[in-house]
file my_file23.cif (mmCIF, C-alpha atoms)
data_work
loop_
_atom_site.label_atom_id
_atom_site.label_comp_id
_atom_site.auth_asym_id
_atom_site.auth_seq_id
_atom_site.Cartn_x
_atom_site.Cartn_y
_atom_site.Cartn_z
CA MET A 1 -19.99 -7.71 4.35
CA LYS A 2 -20.51 -6.55 0.79
CA ALA A 3 -20.32 -3.02 -0.52
CA PRO A 4 -23.59 -1.10 -0.55
CA ARG A 5 -25.16 -0.30 -3.90
CA PHE A 6 -23.50 2.45 -5.90
CA ALA A 7 -23.36 3.66 -9.46
CA TYR A 8 -20.08 3.24 -11.25
CA ALA A 9 -18.39 5.63 -13.64
CA ARG A 10 -15.10 5.15 -15.42
CA PRO A 11 -13.91 8.48 -16.81
CA ALA A 12 -11.23 8.43 -19.48
CA SER A 13 -9.67 11.78 -18.63
CA VAL A 14 -9.02 14.09 -15.68
CA ALA A 15 -11.53 16.54 -17.15
CA GLU A 16 -14.23 13.87 -17.25
CA ALA A 17 -13.43 12.82 -13.69
CA LEU A 18 -13.63 16.42 -12.48
CA ALA A 19 -16.97 16.90 -14.25
CA LEU A 20 -18.35 13.80 -12.51
CA LEU A 21 -17.06 14.96 -9.11
CA ASP A 22 -18.55 18.38 -9.72
CA ARG A 23 -21.91 16.96 -10.81
CA HIS A 24 -22.28 14.50 -7.93
CA LYS A 25 -20.54 16.55 -5.24
CA ASP A 26 -20.53 14.82 -1.84
CA ASP A 27 -22.36 11.80 -3.24
CA ALA A 28 -19.25 10.81 -5.20
CA ARG A 29 -16.00 9.20 -4.09
CA VAL A 30 -12.88 8.67 -6.16
CA LEU A 31 -11.90 5.01 -6.56
CA ALA A 32 -8.16 4.61 -7.08
CA GLY A 33 -6.53 1.37 -5.86
CA GLY A 34 -9.47 0.74 -3.57
CA GLN A 35 -7.37 -0.99 -0.93
CA SER A 36 -8.76 1.22 1.84
CA LEU A 37 -11.96 2.56 0.25
CA VAL A 38 -13.38 -0.86 -0.61
CA PRO A 39 -12.92 -2.21 2.95
CA MET A 40 -14.71 0.96 4.13
CA LEU A 41 -17.54 0.23 1.70
CA ASN A 42 -17.67 -3.43 2.75
CA PHE A 43 -17.84 -2.36 6.40
CA ARG A 44 -20.52 0.16 5.42
CA LEU A 45 -18.41 2.94 6.90
CA ALA A 46 -18.86 4.75 3.61
CA ALA A 47 -21.80 4.61 1.23
CA PRO A 48 -21.19 6.95 -1.70
CA LYS A 49 -23.89 6.98 -4.36
CA VAL A 50 -21.32 7.23 -7.14
CA LEU A 51 -17.83 5.76 -7.47
CA VAL A 52 -15.59 7.54 -9.93
CA ASP A 53 -13.02 4.94 -11.00
CA ILE A 54 -9.89 6.80 -12.14
CA ASN A 55 -7.87 3.65 -12.91
CA ARG A 56 -8.21 3.99 -16.68
CA ILE A 57 -7.18 7.63 -16.93
CA ALA A 58 -4.03 7.70 -19.03
CA GLY A 59 -1.05 9.65 -17.72
CA LEU A 60 -1.91 9.56 -14.02
CA ALA A 61 0.63 6.82 -13.26
CA GLY A 62 4.38 6.97 -13.47
CA ILE A 63 7.59 8.27 -11.94
CA LYS A 64 9.41 11.09 -13.66
CA VAL A 65 12.81 12.47 -12.63
CA THR A 66 13.88 15.93 -13.71
CA LYS A 67 16.86 18.10 -12.72
CA SER A 68 15.15 19.37 -9.62
CA GLN A 69 12.46 16.89 -8.63
CA VAL A 70 10.85 13.49 -8.71
CA ARG A 71 7.23 13.54 -9.78
CA ILE A 72 5.08 10.60 -8.72
CA GLY A 73 1.75 10.27 -10.51
CA ALA A 74 -1.24 9.68 -8.25
CA LEU A 75 -2.08 6.32 -9.85
CA THR A 76 1.42 4.93 -9.43
CA ARG A 77 0.99 1.58 -7.68
CA HIS A 78 2.89 0.83 -4.50
CA VAL A 79 4.62 -2.08 -6.24
CA ASP A 80 5.99 0.28 -8.88
CA LEU A 81 7.48 2.56 -6.22
CA GLU A 82 8.89 -0.50 -4.47
CA ARG A 83 10.61 -1.76 -7.64
CA SER A 84 11.65 1.59 -9.13
CA ALA A 85 15.37 2.18 -9.60
CA ASP A 86 14.65 5.94 -9.75
CA ILE A 87 12.93 5.88 -6.36
CA ALA A 88 15.73 3.78 -4.83
CA ARG A 89 18.30 6.22 -6.15
CA HIS A 90 16.63 9.58 -5.61
CA LEU A 91 14.09 9.00 -2.83
CA PRO A 92 15.62 6.23 -0.70
CA LEU A 93 13.26 7.20 2.13
CA VAL A 94 10.26 6.20 0.03
CA ALA A 95 12.03 3.01 -1.07
CA ALA A 96 12.69 2.12 2.58
CA ALA A 97 9.04 2.73 3.48
CA MET A 98 7.49 0.59 0.75
CA PRO A 99 8.00 -2.89 2.24
CA HIS A 100 6.04 -1.67 5.29
CA VAL A 101 3.01 -0.67 3.22
CA ALA A 102 0.56 -3.56 3.66
CA HIS A 103 1.19 -6.84 1.83
CA PRO A 104 2.32 -7.74 -1.71
CA ALA A 105 -1.20 -8.37 -3.07
CA VAL A 106 -2.32 -5.00 -1.67
CA ARG A 107 0.77 -3.19 -2.98
CA ASN A 108 0.02 -4.52 -6.46
CA ARG A 109 -3.18 -2.53 -6.47
CA GLY A 110 -2.90 0.30 -3.93
CA THR A 111 -1.78 3.67 -5.23
CA PHE A 112 0.47 6.46 -4.01
CA GLY A 113 -2.22 9.08 -4.56
CA GLY A 114 -4.90 7.00 -2.88
CA SER A 115 -2.80 6.61 0.22
CA CYS A 116 -2.08 10.36 0.42
CA ALA A 117 -5.64 11.47 -0.40
CA LEU A 118 -7.08 9.09 2.21
CA ALA A 119 -4.71 10.54 4.84
CA ASP A 120 -4.82 7.67 7.28
CA PRO A 121 -2.80 8.96 10.24
CA ALA A 122 -0.93 5.65 10.51
CA ALA A 123 0.06 5.49 6.83
CA GLU A 124 3.67 5.58 5.68
CA LEU A 125 3.60 7.66 2.51
CA PRO A 126 2.06 10.85 3.95
CA ALA A 127 4.87 10.93 6.54
CA CYS A 128 7.48 10.43 3.80
CA ALA A 129 5.94 13.27 1.78
CA LEU A 130 6.09 15.50 4.85
CA ALA A 131 9.70 14.57 5.73
CA LEU A 132 10.84 15.17 2.16
CA GLY A 133 8.96 18.45 1.74
CA ALA A 134 6.87 17.25 -1.20
CA SER A 135 4.06 19.25 -2.79
CA PHE A 136 0.82 17.77 -4.01
CA VAL A 137 -0.50 18.66 -7.44
CA VAL A 138 -4.27 18.98 -7.40
CA ALA A 139 -6.53 19.45 -10.42
CA GLY A 140 -9.83 21.32 -10.21
CA LYS A 141 -12.25 23.06 -12.49
CA LYS A 142 -10.09 26.17 -12.58
CA GLY A 143 -6.86 24.32 -13.31
CA GLU A 144 -4.06 23.00 -11.18
CA ARG A 145 -2.80 24.13 -7.81
CA ARG A 146 0.04 22.95 -5.60
CA ILE A 147 -0.26 22.28 -1.89
CA GLU A 148 2.76 21.65 0.32
CA ALA A 149 2.65 18.43 2.32
CA GLY A 150 2.68 20.45 5.54
CA ASP A 151 -0.59 22.15 4.51
CA PHE A 152 -2.15 19.14 2.82
CA PHE A 153 -2.84 16.86 5.78
CA LYS A 154 -5.56 18.46 7.87
CA GLY A 155 -6.54 15.75 10.32
CA LEU A 156 -8.05 12.30 10.59
CA TYR A 157 -8.75 11.26 6.97
CA ALA A 158 -8.89 14.96 6.13
CA THR A 159 -6.87 16.83 3.53
CA ALA A 160 -6.88 20.21 1.84
CA LEU A 161 -8.54 18.61 -1.21
CA LYS A 162 -11.88 20.18 -1.98
CA GLY A 163 -14.89 18.16 -3.13
CA ALA A 164 -14.49 18.57 -6.84
CA GLU A 165 -10.70 18.29 -6.89
CA LEU A 166 -8.51 15.38 -7.84
CA LEU A 167 -5.02 14.66 -6.58
CA ILE A 168 -2.98 13.98 -9.69
CA ALA A 169 0.65 13.84 -8.54
CA ALA A 170 3.23 14.77 -5.94
CA GLU A 171 6.50 16.53 -6.59
CA PHE A 172 9.46 15.69 -4.38
CA PRO A 173 12.48 18.00 -4.50
CA LEU A 174 15.67 16.04 -5.22
CA PRO A 175 17.60 15.62 -1.97
CA LYS A 176 20.62 17.91 -1.71
CA PRO A 177 24.18 16.57 -1.33
CA GLY A 178 25.01 15.60 2.23
CA TYR A 179 21.39 14.77 3.01
CA ALA A 180 20.40 11.36 4.24
CA SER A 181 17.19 9.66 5.29
CA ALA A 182 15.98 6.70 7.30
CA PHE A 183 12.68 4.98 8.02
CA GLY A 184 11.31 2.77 10.76
CA GLU A 185 7.99 1.39 11.88
CA LEU A 186 6.60 -0.72 14.69
CA ALA A 187 3.59 -2.86 13.81
CA ARG A 188 1.93 -5.87 15.42
CA ARG A 189 2.31 -7.88 12.23
CA HIS A 190 4.49 -7.07 9.22
CA GLY A 191 2.48 -4.92 6.83
CA ASP A 192 -0.13 -3.82 9.35
CA TYR A 193 -0.79 -0.18 10.05
CA ALA A 194 1.86 1.28 12.31
CA VAL A 195 1.57 1.49 16.07
CA VAL A 196 4.15 4.19 15.55
CA GLY A 197 6.47 5.04 12.68
CA VAL A 198 9.02 7.66 11.77
CA ALA A 199 10.46 9.00 8.52
CA VAL A 200 13.59 11.11 8.83
CA HIS A 201 15.36 13.31 6.32
CA GLY A 202 18.10 15.87 6.87
CA SER A 203 21.73 16.79 6.53
CA THR A 204 24.56 15.01 8.35
CA ARG A 205 27.18 16.95 6.46
CA GLY A 206 30.34 17.77 8.42
CA ALA A 207 29.29 15.20 11.06
CA LYS A 208 26.57 17.59 12.31
CA PHE A 209 22.80 17.37 12.19
CA SER A 210 21.15 20.12 10.23
CA ASP A 211 17.77 20.86 8.62
CA MET A 212 16.34 17.71 10.17
CA ARG A 213 12.79 16.76 9.28
CA VAL A 214 11.53 14.07 11.62
CA ALA A 215 8.01 13.00 10.62
CA PHE A 216 6.06 10.67 12.88
CA PHE A 217 2.98 8.70 11.93
CA GLY A 218 0.52 6.77 14.06
CA VAL A 219 0.92 9.23 16.96
CA ALA A 220 -1.55 11.98 16.05
CA ASP A 221 -4.55 12.61 13.80
CA ARG A 222 -2.16 13.31 10.92
CA PRO A 223 1.54 12.88 10.09
CA LEU A 224 3.44 15.06 12.51
CA LEU A 225 6.69 16.95 12.01
CA ALA A 226 8.72 17.15 15.24
CA THR A 227 9.81 20.74 14.79
CA HIS A 228 10.93 21.40 18.35
CA PHE A 229 13.06 18.27 18.28
CA ALA A 230 14.58 19.38 14.97
CA ARG A 231 15.65 22.67 16.57
CA VAL A 232 17.26 20.70 19.41
CA LEU A 233 19.24 18.62 16.90
CA GLU A 234 20.28 21.57 14.74
CA GLY A 235 24.06 21.89 14.71
CA GLN A 236 24.58 19.01 17.15
CA PRO A 237 27.19 16.35 16.41
CA ALA A 238 25.72 13.52 14.35
CA THR A 239 26.45 10.84 16.91
CA ALA A 240 24.44 8.12 18.64
CA LYS A 241 25.29 9.70 21.98
CA CYS A 242 23.80 13.00 20.92
CA VAL A 243 20.69 11.27 19.56
CA ASP A 244 20.15 9.54 22.90
CA ALA A 245 20.64 12.78 24.80
CA SER A 246 18.10 14.60 22.58
CA LEU A 247 15.30 12.02 22.58
CA PRO A 248 13.61 13.23 25.82
CA LYS A 249 13.00 16.56 24.04
CA LEU A 250 10.42 14.80 21.87
CA ASP A 251 8.03 15.38 24.78
CA ALA A 252 7.54 18.90 23.42
CA ASP A 253 6.34 17.61 20.03
CA LEU A 254 4.46 14.42 20.77
CA ALA A 255 1.30 13.88 22.78
CA PRO A 256 -0.04 10.63 21.38
CA ARG A 257 -3.46 9.38 22.37
CA ALA A 258 -4.05 5.85 23.51
CA ASP A 259 -5.36 3.52 20.83
CA LEU A 260 -7.04 0.11 21.09
CA TYR A 261 -3.76 -1.60 21.88
CA SER A 262 -1.39 0.88 23.52
CA SER A 263 -1.68 3.49 26.23
CA ALA A 264 -0.56 7.05 25.54
CA ALA A 265 2.55 6.50 27.68
CA THR A 266 3.43 3.34 25.76
CA LYS A 267 3.06 5.10 22.43
CA LEU A 268 5.23 8.00 23.53
CA HIS A 269 7.87 5.59 24.80
CA LEU A 270 7.79 3.57 21.56
CA ALA A 271 8.02 6.75 19.49
CA LYS A 272 11.18 7.80 21.29
CA VAL A 273 12.79 4.36 21.08
CA LEU A 274 11.97 4.13 17.38
CA ALA A 275 13.17 7.67 16.64
CA GLY A 276 16.47 6.81 18.33
CA ARG A 277 16.91 3.65 16.28
CA VAL A 278 16.01 5.38 13.03
CA LEU A 279 18.24 8.42 13.56
CA LYS A 280 21.18 6.13 14.35
CA LYS A 281 20.55 4.29 11.08
CA MET A 282 21.04 7.49 9.05
CA GLU A 283 24.07 7.63 6.84
CA GLY A 284 26.67 9.88 8.46
CA VAL A 285 25.60 9.27 12.06
CA VAL A 286 28.49 7.88 14.13
CA ALA A 287 27.68 4.92 16.40
CA MET B 1 -18.05 5.57 -20.57
CA SER B 2 -18.97 8.45 -18.36
CA ALA B 3 -22.48 8.45 -16.89
CA PRO B 4 -22.61 6.40 -13.68
CA THR B 5 -24.51 3.11 -13.97
CA ASP B 6 -25.69 0.45 -11.52
CA SER B 7 -24.72 -2.42 -13.78
CA VAL B 8 -21.80 -2.77 -16.14
CA GLU B 9 -21.13 -4.89 -19.21
CA ILE B 10 -17.79 -6.61 -18.82
CA SER B 11 -15.63 -8.80 -21.00
CA LEU B 12 -12.58 -10.48 -19.53
CA ILE B 13 -10.44 -13.59 -19.84
CA VAL B 14 -10.72 -15.99 -16.92
CA ASN B 15 -8.33 -18.95 -16.86
CA GLY B 16 -7.80 -18.57 -20.59
CA GLU B 17 -11.47 -18.32 -21.56
CA ARG B 18 -13.32 -15.22 -22.70
CA VAL B 19 -16.21 -14.35 -20.40
CA LYS B 20 -18.89 -11.71 -21.04
CA ARG B 21 -21.44 -10.72 -18.45
CA SER B 22 -23.53 -7.86 -17.17
CA VAL B 23 -22.70 -7.37 -13.49
CA PRO B 24 -23.98 -5.15 -10.70
CA ALA B 25 -21.38 -2.46 -10.03
CA ARG B 26 -21.12 -3.48 -6.37
CA LEU B 27 -20.24 -7.14 -7.11
CA ASN B 28 -16.66 -7.89 -6.09
CA LEU B 29 -14.40 -10.03 -8.24
CA ALA B 30 -14.24 -12.92 -5.77
CA ASP B 31 -18.03 -13.18 -5.62
CA PHE B 32 -18.21 -12.87 -9.41
CA LEU B 33 -15.81 -15.78 -9.83
CA ARG B 34 -17.59 -17.91 -7.25
CA ASN B 35 -21.23 -17.16 -7.94
CA GLU B 36 -21.31 -16.28 -11.65
CA LEU B 37 -18.56 -18.59 -12.94
CA GLU B 38 -18.77 -21.27 -10.21
CA LEU B 39 -15.02 -21.05 -9.64
CA THR B 40 -15.29 -21.72 -5.93
CA GLY B 41 -11.58 -22.28 -5.33
CA THR B 42 -11.27 -18.56 -4.62
CA HIS B 43 -12.45 -18.24 -1.05
CA VAL B 44 -14.10 -15.32 0.66
CA GLY B 45 -12.98 -14.81 4.23
CA CYS B 46 -12.79 -11.40 5.83
CA GLU B 47 -14.05 -9.30 2.91
CA HIS B 48 -11.78 -6.43 3.82
CA GLY B 49 -8.41 -7.40 2.44
CA VAL B 50 -6.80 -8.84 5.54
CA CYS B 51 -7.01 -12.64 5.29
CA GLY B 52 -5.79 -13.27 1.73
CA ALA B 53 -8.16 -16.21 1.06
CA CYS B 54 -9.53 -14.46 -2.06
CA THR B 55 -6.13 -13.92 -3.70
CA VAL B 56 -6.30 -14.15 -7.51
CA ARG B 57 -4.12 -12.92 -10.36
CA VAL B 58 -5.21 -9.97 -12.45
CA ASP B 59 -3.02 -9.22 -15.46
CA GLY B 60 -0.33 -11.43 -13.98
CA GLU B 61 -0.14 -9.90 -10.49
CA ILE B 62 -1.81 -11.16 -7.32
CA VAL B 63 -4.57 -8.99 -5.86
CA ARG B 64 -7.34 -9.27 -3.29
CA GLY B 65 -10.46 -10.52 -5.06
CA CYS B 66 -12.63 -8.91 -2.39
CA LEU B 67 -11.14 -5.43 -2.93
CA LEU B 68 -11.67 -5.22 -6.67
CA PHE B 69 -15.08 -4.89 -8.23
CA ALA B 70 -15.79 -7.25 -11.10
CA CYS B 71 -16.56 -4.23 -13.30
CA GLN B 72 -12.98 -3.05 -12.74
CA ALA B 73 -11.65 -6.29 -14.22
CA ASP B 74 -13.28 -5.45 -17.56
CA GLY B 75 -10.67 -6.09 -20.26
CA CYS B 76 -8.34 -7.87 -17.85
CA THR B 77 -6.89 -11.36 -17.68
CA VAL B 78 -7.83 -13.14 -14.47
CA ASP B 79 -6.26 -16.37 -13.22
CA THR B 80 -7.65 -18.32 -10.30
CA VAL B 81 -6.34 -21.31 -8.40
CA GLU B 82 -8.34 -23.55 -10.76
CA GLY B 83 -6.48 -22.12 -13.75
CA LEU B 84 -3.07 -22.52 -12.14
CA SER B 85 -3.99 -26.03 -11.10
CA ASP B 86 -5.23 -27.08 -14.55
CA SER B 87 -2.17 -25.61 -16.28
CA ARG B 88 0.01 -27.46 -13.72
CA GLU B 89 1.77 -24.22 -12.88
CA ILE B 90 1.41 -24.93 -9.16
CA GLU B 91 1.69 -28.72 -9.35
CA GLU B 92 4.93 -28.84 -7.35
CA LEU B 93 3.56 -26.52 -4.70
CA GLN B 94 0.40 -28.60 -4.38
CA SER B 95 2.44 -31.81 -3.97
CA ALA B 96 4.73 -30.17 -1.44
CA PHE B 97 1.73 -28.91 0.56
CA VAL B 98 0.40 -32.48 0.72
CA LEU B 99 3.79 -33.97 1.63
CA THR B 100 4.48 -31.52 4.45
CA ASN B 101 0.90 -31.35 5.77
CA ALA B 102 0.81 -27.65 4.94
CA LEU B 103 -2.97 -27.56 5.08
CA GLN B 104 -5.64 -28.77 7.41
CA CYS B 105 -9.06 -27.26 6.72
CA GLY B 106 -7.83 -25.87 3.39
CA PHE B 107 -9.70 -22.58 3.52
CA CYS B 108 -6.59 -20.44 3.17
CA THR B 109 -4.77 -22.82 0.83
CA PRO B 110 -5.84 -21.42 -2.57
CA GLY B 111 -4.81 -17.90 -1.56
CA ILE B 112 -1.53 -19.13 -0.13
CA LEU B 113 -0.77 -21.11 -3.29
CA MET B 114 -1.42 -17.99 -5.39
CA ALA B 115 0.86 -15.91 -3.17
CA ALA B 116 3.58 -18.57 -2.99
CA GLN B 117 3.65 -18.94 -6.77
CA ALA B 118 3.95 -15.14 -7.15
CA LEU B 119 6.84 -15.07 -4.68
CA LEU B 120 8.74 -17.92 -6.36
CA ARG B 121 8.24 -16.38 -9.78
CA ASP B 122 9.81 -13.08 -8.70
CA GLU B 123 12.30 -14.45 -6.17
CA PRO B 124 13.31 -18.04 -6.91
CA ASN B 125 15.42 -18.45 -3.74
CA PRO B 126 13.67 -16.73 -0.84
CA SER B 127 14.90 -17.26 2.71
CA ARG B 128 12.46 -18.64 5.31
CA GLU B 129 12.27 -15.12 6.74
CA ARG B 130 11.35 -13.74 3.36
CA ILE B 131 8.71 -16.43 2.79
CA ARG B 132 7.15 -15.54 6.15
CA GLU B 133 7.26 -11.84 5.37
CA TYR B 134 5.69 -12.37 1.95
CA LEU B 135 2.93 -14.52 3.42
CA SER B 136 2.18 -11.98 6.15
CA GLY B 137 -0.88 -11.03 4.10
CA ASN B 138 -2.34 -14.55 4.19
CA TYR B 139 -3.92 -15.93 7.34
CA CYS B 140 -3.90 -19.62 8.22
CA ARG B 141 -5.65 -20.57 11.46
CA CYS B 142 -4.77 -24.30 11.37
CA THR B 143 -1.13 -24.95 10.63
CA GLY B 144 0.89 -22.35 12.49
CA TYR B 145 2.61 -21.62 9.13
CA GLN B 146 5.65 -23.82 9.85
CA ALA B 147 4.64 -26.52 7.37
CA ILE B 148 3.57 -23.94 4.79
CA VAL B 149 7.00 -22.32 4.92
CA ASP B 150 8.57 -25.82 4.73
CA ALA B 151 6.57 -26.62 1.60
CA ILE B 152 7.42 -23.38 -0.20
CA GLU B 153 11.08 -23.65 0.77
CA ALA B 154 11.20 -27.25 -0.49
CA VAL B 155 9.78 -26.22 -3.87
CA ALA B 156 12.21 -23.31 -4.14
CA LYS B 157 15.14 -25.62 -3.42
CA ALA B 158 13.94 -28.29 -5.83
CA ARG B 159 13.45 -25.74 -8.60
CA SER B 160 16.83 -24.10 -8.11
CA ALA B 161 18.60 -27.49 -7.93
CA ARG B 162 16.99 -28.35 -11.26
CA SER B 163 17.93 -25.09 -12.90
CA LYS B 164 21.58 -25.56 -11.88
CA ARG B 165 21.76 -28.91 -13.62
#
call {"tool": "encode", "arguments": {"input": "my_file23.cif", "output": "structure tokens"}}
result
Amino acid sequence: MKAPRFAYARPASVAEALALLDRHKDDARVLAGGQSLVPMLNFRLAAPKVLVDINRIAGLAGIKVTKSQVRIGALTRHVDLERSADIARHLPLVAAAMPHVAHPAVRNRGTFGGSCALADPAAELPACALALGASFVVAGKKGERRIEAGDFFKGLYATALKGAELLIAAEFPLPKPGYASAFGELARRHGDYAVVGVAVHGSTRGAKFSDMRVAFFGVADRPLLATHFARVLEGQPATAKCVDASLPKLDADLAPRADLYSSAATKLHLAKVLAGRVLKKMEGVVA
Amino acid sequence: MSAPTDSVEISLIVNGERVKRSVPARLNLADFLRNELELTGTHVGCEHGVCGACTVRVDGEIVRGCLLFACQADGCTVDTVEGLSDSREIEELQSAFVLTNALQCGFCTPGILMAAQALLRDEPNPSRERIREYLSGNYCRCTGYQAIVDAIEAVAKARSARSKR
């Protein structure tokens, strides 16, 4: 179908965008890459009266590396993350996730901020942000505030963003020495939303697992950090054997619901198999 | 521009020609190209970004024509399959598609040609695996993809053989 009627605004600055969001409140939606919002409009799942197109706001796109962090602007396109030497070098987890995000023509348009602000529970980037301990930078009428990834994702398509706020960037701490990451996803077709996926980041220094952050997506109403499992791994030898022995403990973290294609038991099984494969792929884990 | 409006004045370059129109905000780029400019090579299939039949180039990169509103293309350069055909940019691909029977009904073909050309521009020597992965965003319900991959691979090989000479 076609999108329902809406009025279109193209603010030139964050301040203008915030004023529009404030004026139109719940009637307004932010249009970033539009790769999820426009299908929702075309399906008539959403019918905002006003679309606030932020694509022409200068300074919202780009990747900046400082001594302590990588800052990704909200309007940074997926393709730019995929091709960035800085991302490959400093956030290899994000680089590994990018080829799984939809298809090339969608990655050319879709944005990092759009994906995080939409908070689809089967999306890759929210899980990466959670695994890497990123914070989201949010602009509102009273200025900026920062929200940690763990507090940002609130549920199915729900975030800590308030109505008249705009996500403008995320800040990822630079990984410490001895830390490694790995990513994996099962999908029916390459580029589709995940049946289940996992993004892992942690230390394998001294051939031991430590500070492991194992973030699943596609198994709950939001990206999910397997904290119990991380405690099980803490201090264990970084070996494939140990990974296999620990996987059953994921039962304490995961209680996936059945979806259209897979039963709850299937999803739990797939999550464990995938977590095993991904953990064994981590640099520093002995086969 | 700040106050929200139902219709938008746009000026863009389509296949090398300047186009100015007033469009309803809700009109997507694919429908604009087809209905306003009569460029019907861009096809409209699923209208939610899955099938790839509406693939066009905006500022040099392929996008879904059904997921971009025409008003968002204001100031942009848009290339459709007609433009790439007239400029002969995809001549080899078109010939290879004919030779290998890479199309039957032809509905998906314009989008696949747009995607294939984008792939070969960025990666001149893709493996068959890579071609399949890249085309995962374009549905074909006739061919089973085998012949499409054959055609794209043949063009890649022909081009790289030529560039080595």
call {"tool": "closest_atom_pairs", "arguments": {"input": "my_file23.cif", "of": "chain B", "to": "chain A", "cutoff": "7 Å", "atoms": "only C-alpha atoms", "output": "Markdown table"}}
result
| residue | atom | partner | partner_atom | distance |
| --- | --- | --- | --- | --- |
| B:Met1 | CA | A:Arg10 | CA | 5.9 |
| B:Ser2 | CA | A:Pro11 | CA | 5.3 |
| B:Ala3 | CA | A:Ala9 | CA | 5.9 |
| B:Pro4 | CA | A:Ala9 | CA | 4.3 |
| B:Thr5 | CA | A:Ala7 | CA | 4.7 |
| B:Asp6 | CA | A:Ala7 | CA | 4.5 |
| B:Ala25 | CA | A:Tyr8 | CA | 6.0 |
| B:Arg26 | CA | A:Arg5 | CA | 5.7 |
| B:Glu47 | CA | A:Met1 | CA | 6.3 |
| B:His48 | CA | A:Pro39 | CA | 4.5 |
| B:Gly49 | CA | A:Pro39 | CA | 6.9 |
| B:Glu61 | CA | A:Asn108 | CA | 6.7 |
| B:Ile62 | CA | A:Ala105 | CA | 5.1 |
| B:Val63 | CA | A:Ala105 | CA | 4.4 |
| B:Arg64 | CA | A:Ala105 | CA | 6.2 |
| B:Leu67 | CA | A:Val38 | CA | 5.6 |
| B:Glu133 | CA | A:His190 | CA | 6.7 |
| B:Tyr134 | CA | A:Pro104 | CA | 6.8 |
| B:Ser136 | CA | A:His190 | CA | 6.2 |
| B:Gly137 | CA | A:His103 | CA | 5.2 |
call {"tool": "resolve_selection", "arguments": {"input": "my_file23.cif", "expression": "the PyMOL selection byres ((chain A and resi 224) around 12)", "output": "VMD selection string"}}
result
chain A and resid 121 to 124 126 to 131 149 to 156 196 to 200 213 to 223 225 to 229 250 253 to 256 271
call {"tool": "resolve_selection", "arguments": {"input": "my_file23.cif", "expression": "the PyMOL selection byres ((chain B and resi 21) around 9)", "output": "ChimeraX atom specification"}}
result
/B:8-12,19-20,22-23,36
call {"tool": "closest_residue", "arguments": {"input": "my_file23.cif", "among": "B:Gly111, B:Pro124, B:Pro24, B:Gly83", "to": "Gly52 (chain B)", "atoms": "all atoms listed in the file"}}
result
B:Gly111
call {"tool": "closest_residue", "arguments": {"input": "my_file23.cif", "among": "B:Cys76, B:Ala30, B:Val44, B:Ile148", "to": "Phe97 (chain B)", "atoms": "only C-alpha atoms"}}
result
B:Ile148
call {"tool": "residues_around", "arguments": {"input": "my_file23.cif", "residues": "Ser68 (chain A)", "least_positions_apart": "3", "cutoff": "8 Å", "atoms": "only C-alpha atoms", "output": "number ranges by chain"}}
result
A: 65, 173-174
call {"tool": "residues_around", "arguments": {"input": "my_file23.cif", "residues": "Gly16 (chain B)", "least_positions_apart": "4", "cutoff": "9 Å", "atoms": "only C-alpha atoms", "output": "ChimeraX atom specification"}}
result
/B:77-79,83
call {"tool": "resolve_selection", "arguments": {"input": "my_file23.cif", "expression": "the PyMOL selection byres ((chain A and resi 83) around 12)", "output": "MDAnalysis selection string"}}
result
(chainID A and resid 63 76:82 84:89 92 94:96 98:99 104 107:108) or (chainID B and resid 122)
call {"tool": "closest_residue", "arguments": {"input": "my_file23.cif", "among": "A:Ala58, A:Ala119, A:Ile147, A:Met282", "to": "Gly178 (chain A)", "atoms": "all atoms listed in the file"}}
result
A:Met282
call {"tool": "atom_distance", "arguments": {"input": "my_file23.cif", "atom1": "CA of Leu84 (chain B)", "atom2": "CA of Arg57 (chain B)"}}
result
9.8 Å
call {"tool": "axis_aligned_box", "arguments": {"input": "my_file23.cif", "around": "region 47-57 of chain B", "padding_each_side": "4 Å", "output": "AutoDock Vina command-line options"}}
result
--center_x -9.1 --center_y -11.3 --center_z -2.4 --size_x 17.9 --size_y 17.8 --size_z 23.9
call {"tool": "closest_residue", "arguments": {"input": "my_file23.cif", "among": "A:Ala28, A:Ala160, A:Ala258, A:Val137", "to": "Leu60 (chain A)", "atoms": "all atoms listed in the file"}}
result
A:Val137
call {"tool": "residues_near_point", "arguments": {"input": "my_file23.cif", "point": "(-19.6, 19.0, -5.1)", "cutoff": "8 Å", "atoms": "only C-alpha atoms", "output": "PDB file with C-alpha atoms, keeping the file's coordinate frame"}}
result
ATOM      1  CA  LEU A  21     -17.060  14.960  -9.110  1.00  0.00           C
ATOM      2  CA  ASP A  22     -18.550  18.380  -9.720  1.00  0.00           C
ATOM      3  CA  ARG A  23     -21.910  16.960 -10.810  1.00  0.00           C
ATOM      4  CA  HIS A  24     -22.280  14.500  -7.930  1.00  0.00           C
ATOM      5  CA  LYS A  25     -20.540  16.550  -5.240  1.00  0.00           C
ATOM      6  CA  ASP A  26     -20.530  14.820  -1.840  1.00  0.00           C
ATOM      7  CA  ASP A  27     -22.360  11.800  -3.240  1.00  0.00           C
ATOM      8  CA  GLY A 163     -14.890  18.160  -3.130  1.00  0.00           C
ATOM      9  CA  ALA A 164     -14.490  18.570  -6.840  1.00  0.00           C
TER      10      ALA A 164
END
call {"tool": "residues_near_point", "arguments": {"input": "my_file23.cif", "point": "(-4.0, -27.3, -8.7)", "cutoff": "12 Å", "atoms": "only C-alpha atoms", "output": "number ranges by chain"}}
result
B: 41, 80-98, 109-111, 113-114, 117
call {"tool": "closest_residue", "arguments": {"input": "my_file23.cif", "among": "B:Asn125, B:Asn28, B:Thr100, B:Gln146", "to": "Gly65 (chain B)", "atoms": "all atoms listed in the file"}}
result
B:Asn28
